Amino acid sequence: MTASHAAGPGLALDPAATALVLVDLMERIVALPLEPRTGAEALAVGADLAGRFRAAGSPVVLVRVERPGVAEQPPGSGLVAGLREDGDLEIVKRTLGGFQDTGLHEALRARGITTLVCGGIATNLGVESTARAACDLGYEMVFVEDAMAALTAAEHEAAVRLDFPRLGTVVTADGLRFE
């Protein structure tokens with residue numbers, strides 16, 4: 001098990017076996033009216049996590065959605081400027097979750113990843129759909145509550161309080177550390 005409660009505060013992660021997966025941190029989605037925090041607040045926590053993961057040598061995966069069957073994507077469909085850095089893996093999905101027909105599973109397995117730390121928008125849609133598929137594929141899951149937001153606080157809370165604890169471990173960004 002690569003994610004475990006170790007001696008001392010926080011959840012200890014093995015940087016060699018853990019990846020950060022941030023879902024739909026795109027301009028048009030971050031700008032939506034979100035709860036229980038703004039998209040900018042969830043983005044700031046996600047960007048901070050990305051920096052911590054890069055510093056630890058762990059992969060950062062940025063998943064974004066494109067609408068299928070359209071000639072041109074809506075304005076703001078790219079990742080928020082400055083989020084992606086060299087070495088990050090950018091995945092384009094055309095469904096709610098980040099695994100279907102994207103090559104994400106193969107890319108993670110090729111890197112020896114067994115644990116995923118998730119954040120993004122919307123908690124109960126893109127993040128949860130990606131997490132459910134990841135669980136089906138055998139990944140250990142960690143959910144960073146303060147790196148997520150949804151269209152309503154009730155939707156966010158239902159995912160974080162009811163669903164995610166059944167799929168993995170729910171923490172705040174401050175509750176993560178590397179072994």
# chains A, B, ... in the order shown; residues from 1 in each chain; ligands from 1
>>> residues_around(residues="stretch 44-60 of chain A", least_positions_apart="6", cutoff="10 Å", atoms="only C-alpha atoms", output="NGL selection string")
:A and (13-23 or 25 or 38 or 82-85 or 87-90 or 108 or 111 or 113 or 116-120 or 144-148 or 172-174 or 176-179)
>>> write_last_selection(atoms="N, CA and C atoms", output="short mmCIF file (atom, residue, chain, number, x, y, z; two decimals), in the first residue's frame")
data_model
loop_
_atom_site.label_atom_id
_atom_site.label_comp_id
_atom_site.auth_asym_id
_atom_site.auth_seq_id
_atom_site.Cartn_x
_atom_site.Cartn_y
_atom_site.Cartn_z
N LEU A 13 2.77 9.75 1.51
CA LEU A 13 2.68 9.25 0.14
C LEU A 13 4.06 8.85 -0.36
N ASP A 14 4.12 7.78 -1.11
CA ASP A 14 5.35 7.34 -1.77
C ASP A 14 5.45 8.09 -3.09
N PRO A 15 6.40 9.00 -3.24
CA PRO A 15 6.45 9.81 -4.47
C PRO A 15 6.68 8.99 -5.73
N ALA A 16 7.30 7.84 -5.62
CA ALA A 16 7.57 7.02 -6.80
C ALA A 16 6.33 6.29 -7.31
N ALA A 17 5.31 6.16 -6.47
CA ALA A 17 4.12 5.39 -6.85
C ALA A 17 2.84 6.22 -6.85
N THR A 18 2.98 7.54 -6.70
CA THR A 18 1.82 8.41 -6.55
C THR A 18 1.81 9.49 -7.62
N ALA A 19 0.62 9.77 -8.16
CA ALA A 19 0.44 10.85 -9.13
C ALA A 19 -0.68 11.77 -8.65
N LEU A 20 -0.55 13.03 -8.96
CA LEU A 20 -1.61 14.01 -8.74
C LEU A 20 -2.44 14.08 -10.01
N VAL A 21 -3.76 13.98 -9.88
CA VAL A 21 -4.67 14.09 -11.02
C VAL A 21 -5.61 15.25 -10.74
N LEU A 22 -5.51 16.30 -11.55
CA LEU A 22 -6.38 17.47 -11.44
C LEU A 22 -7.30 17.50 -12.64
N VAL A 23 -8.60 17.59 -12.38
CA VAL A 23 -9.62 17.42 -13.42
C VAL A 23 -10.28 18.76 -13.75
N LEU A 25 -9.50 21.83 -14.76
CA LEU A 25 -9.10 23.17 -14.32
C LEU A 25 -8.86 24.03 -15.57
N THR A 38 -14.73 29.05 -4.48
CA THR A 38 -14.69 29.49 -5.87
C THR A 38 -13.75 28.59 -6.66
N GLY A 82 -0.62 28.90 -17.10
CA GLY A 82 0.39 28.76 -16.07
C GLY A 82 0.28 27.48 -15.25
N LEU A 83 -0.81 26.73 -15.42
CA LEU A 83 -0.97 25.51 -14.63
C LEU A 83 -0.05 24.40 -15.10
N ARG A 84 0.02 24.20 -16.40
CA ARG A 84 0.82 23.11 -16.96
C ARG A 84 2.28 23.52 -17.05
N GLU A 85 3.15 22.60 -16.64
CA GLU A 85 4.58 22.80 -16.77
C GLU A 85 5.18 21.65 -17.55
N GLY A 87 6.86 18.40 -18.52
CA GLY A 87 6.87 17.14 -17.80
C GLY A 87 5.51 16.69 -17.32
N ASP A 88 4.54 17.62 -17.24
CA ASP A 88 3.18 17.24 -16.84
C ASP A 88 2.52 16.46 -17.97
N LEU A 89 1.61 15.61 -17.61
CA LEU A 89 0.85 14.82 -18.57
C LEU A 89 -0.51 15.48 -18.74
N GLU A 90 -0.83 15.92 -19.97
CA GLU A 90 -2.14 16.50 -20.25
C GLU A 90 -2.99 15.46 -20.96
N LEU A 108 -0.12 5.89 -16.67
CA LEU A 108 0.15 5.77 -15.23
C LEU A 108 0.85 4.46 -14.92
N ARG A 111 4.47 4.33 -15.63
CA ARG A 111 5.27 5.09 -14.65
C ARG A 111 5.28 4.41 -13.27
N ILE A 113 2.68 3.91 -11.27
CA ILE A 113 1.78 4.61 -10.36
C ILE A 113 0.69 3.66 -9.86
N LEU A 116 -3.48 7.49 -6.67
CA LEU A 116 -3.85 8.76 -7.28
C LEU A 116 -4.38 9.71 -6.22
N VAL A 117 -3.91 10.94 -6.28
CA VAL A 117 -4.39 12.02 -5.42
C VAL A 117 -5.19 12.94 -6.33
N CYS A 118 -6.48 13.14 -6.01
CA CYS A 118 -7.38 13.83 -6.94
C CYS A 118 -7.91 15.15 -6.41
N GLY A 119 -8.09 16.07 -7.36
CA GLY A 119 -8.75 17.35 -7.12
C GLY A 119 -9.33 17.83 -8.43
N GLY A 120 -10.05 18.94 -8.39
CA GLY A 120 -10.57 19.52 -9.62
C GLY A 120 -12.02 19.93 -9.51
N VAL A 144 -8.44 15.30 -2.22
CA VAL A 144 -8.07 16.53 -1.53
C VAL A 144 -9.28 17.45 -1.55
N GLU A 145 -10.00 17.48 -0.43
CA GLU A 145 -11.29 18.18 -0.35
C GLU A 145 -11.17 19.66 -0.72
N ASP A 146 -10.12 20.34 -0.27
CA ASP A 146 -10.01 21.77 -0.52
C ASP A 146 -9.44 22.09 -1.90
N ALA A 147 -9.19 21.08 -2.71
CA ALA A 147 -8.76 21.28 -4.10
C ALA A 147 -9.91 20.99 -5.06
N MET A 148 -11.15 21.01 -4.54
CA MET A 148 -12.32 20.71 -5.35
C MET A 148 -13.43 21.71 -5.10
N THR A 172 -7.24 17.14 3.47
CA THR A 172 -7.04 18.49 2.95
C THR A 172 -5.60 18.55 2.44
N ALA A 173 -5.28 19.56 1.68
CA ALA A 173 -3.93 19.69 1.12
C ALA A 173 -2.88 19.69 2.22
N ASP A 174 -3.18 20.31 3.34
CA ASP A 174 -2.23 20.34 4.46
C ASP A 174 -2.00 18.96 5.07
N LEU A 176 -1.32 16.19 3.50
CA LEU A 176 -0.48 15.33 2.66
C LEU A 176 0.99 15.59 2.89
N ARG A 177 1.77 14.53 2.89
CA ARG A 177 3.23 14.66 2.92
C ARG A 177 3.82 13.48 2.17
N PHE A 178 5.07 13.61 1.79
CA PHE A 178 5.76 12.54 1.10
C PHE A 178 6.68 11.82 2.06
N GLU A 179 6.78 10.50 1.90
CA GLU A 179 7.65 9.67 2.75
C GLU A 179 9.09 10.02 2.51
#
>>> closest_atom_pairs(of="stretch 6-82 of chain A", to="stretch 93-104 of chain A", cutoff="7 Å", atoms="only C-alpha atoms", output="Markdown table")
| residue | atom | partner | partner_atom | distance |
| --- | --- | --- | --- | --- |
| A:Val63 | CA | A:Gly98 | CA | 6.4 |
| A:Arg64 | CA | A:Lys93 | CA | 6.1 |
| A:Val65 | CA | A:Lys93 | CA | 4.8 |
| A:Glu66 | CA | A:Arg94 | CA | 5.4 |
| A:Arg67 | CA | A:Arg94 | CA | 5.9 |
| A:Pro68 | CA | A:Arg94 | CA | 5.9 |
>>> write_last_selection(atoms="N, CA and C atoms", output="PDB file, in the first residue's frame")
ATOM      1  N   VAL A  63      -6.183  16.785 -16.515  1.00  0.00           N
ATOM      2  CA  VAL A  63      -7.237  16.248 -17.374  1.00  0.00           C
ATOM      3  C   VAL A  63      -8.163  17.390 -17.754  1.00  0.00           C
ATOM      4  N   ARG A  64      -8.441  17.500 -19.040  1.00  0.00           N
ATOM      5  CA  ARG A  64      -9.412  18.514 -19.473  1.00  0.00           C
ATOM      6  C   ARG A  64     -10.374  17.887 -20.476  1.00  0.00           C
ATOM      7  N   VAL A  65     -11.548  18.478 -20.573  1.00  0.00           N
ATOM      8  CA  VAL A  65     -12.598  17.924 -21.425  1.00  0.00           C
ATOM      9  C   VAL A  65     -12.672  18.681 -22.747  1.00  0.00           C
ATOM     10  N   GLU A  66     -12.968  17.951 -23.795  1.00  0.00           N
ATOM     11  CA  GLU A  66     -13.339  18.538 -25.087  1.00  0.00           C
ATOM     12  C   GLU A  66     -14.679  17.950 -25.484  1.00  0.00           C
ATOM     13  N   ARG A  67     -15.538  18.779 -26.011  1.00  0.00           N
ATOM     14  CA  ARG A  67     -16.832  18.314 -26.483  1.00  0.00           C
ATOM     15  C   ARG A  67     -16.628  17.509 -27.760  1.00  0.00           C
ATOM     16  N   PRO A  68     -17.190  16.296 -27.801  1.00  0.00           N
ATOM     17  CA  PRO A  68     -17.028  15.485 -29.013  1.00  0.00           C
ATOM     18  C   PRO A  68     -17.930  15.986 -30.140  1.00  0.00           C
TER      19      PRO A  68
END
>>> closest_residue(among="A:Arg166, A:Glu27, A:Leu79, A:Glu140", to="A:Gly39", atoms="only C-alpha atoms")
A:Glu27
>>> select_by_dssp(residues="chain A", states="helix (DSSP H, G or I)", output="MDAnalysis selection string")
chainID A and resid 27:30 39:56 104:110 123:136 153:167 173:175
>>> closest_residue(among="A:Leu167, A:Ala122, A:Val61, A:Ala110", to="A:Phe143", atoms="only C-alpha atoms")
A:Leu167
>>> atom_distance(atom1="atom CA of A:Cys135", atom2="atom CA of A:His105")
11.3 Å
>>> atom_distance(atom1="atom CA of A:Thr114", atom2="atom CA of A:Ala150")
26.5 Å
>>> atom_distance(atom1="atom CA of A:Leu32", atom2="atom CA of A:Val142")
24.9 Å
>>> closest_residue(among="A:Ala31, A:Ala131, A:Ala71, A:Gly78", to="A:Val160", atoms="only C-alpha atoms")
A:Ala131
>>> closest_residue(among="A:Val127, A:Met141, A:Val70, A:Ala149", to="A:Ala40", atoms="only C-alpha atoms")
A:Ala149
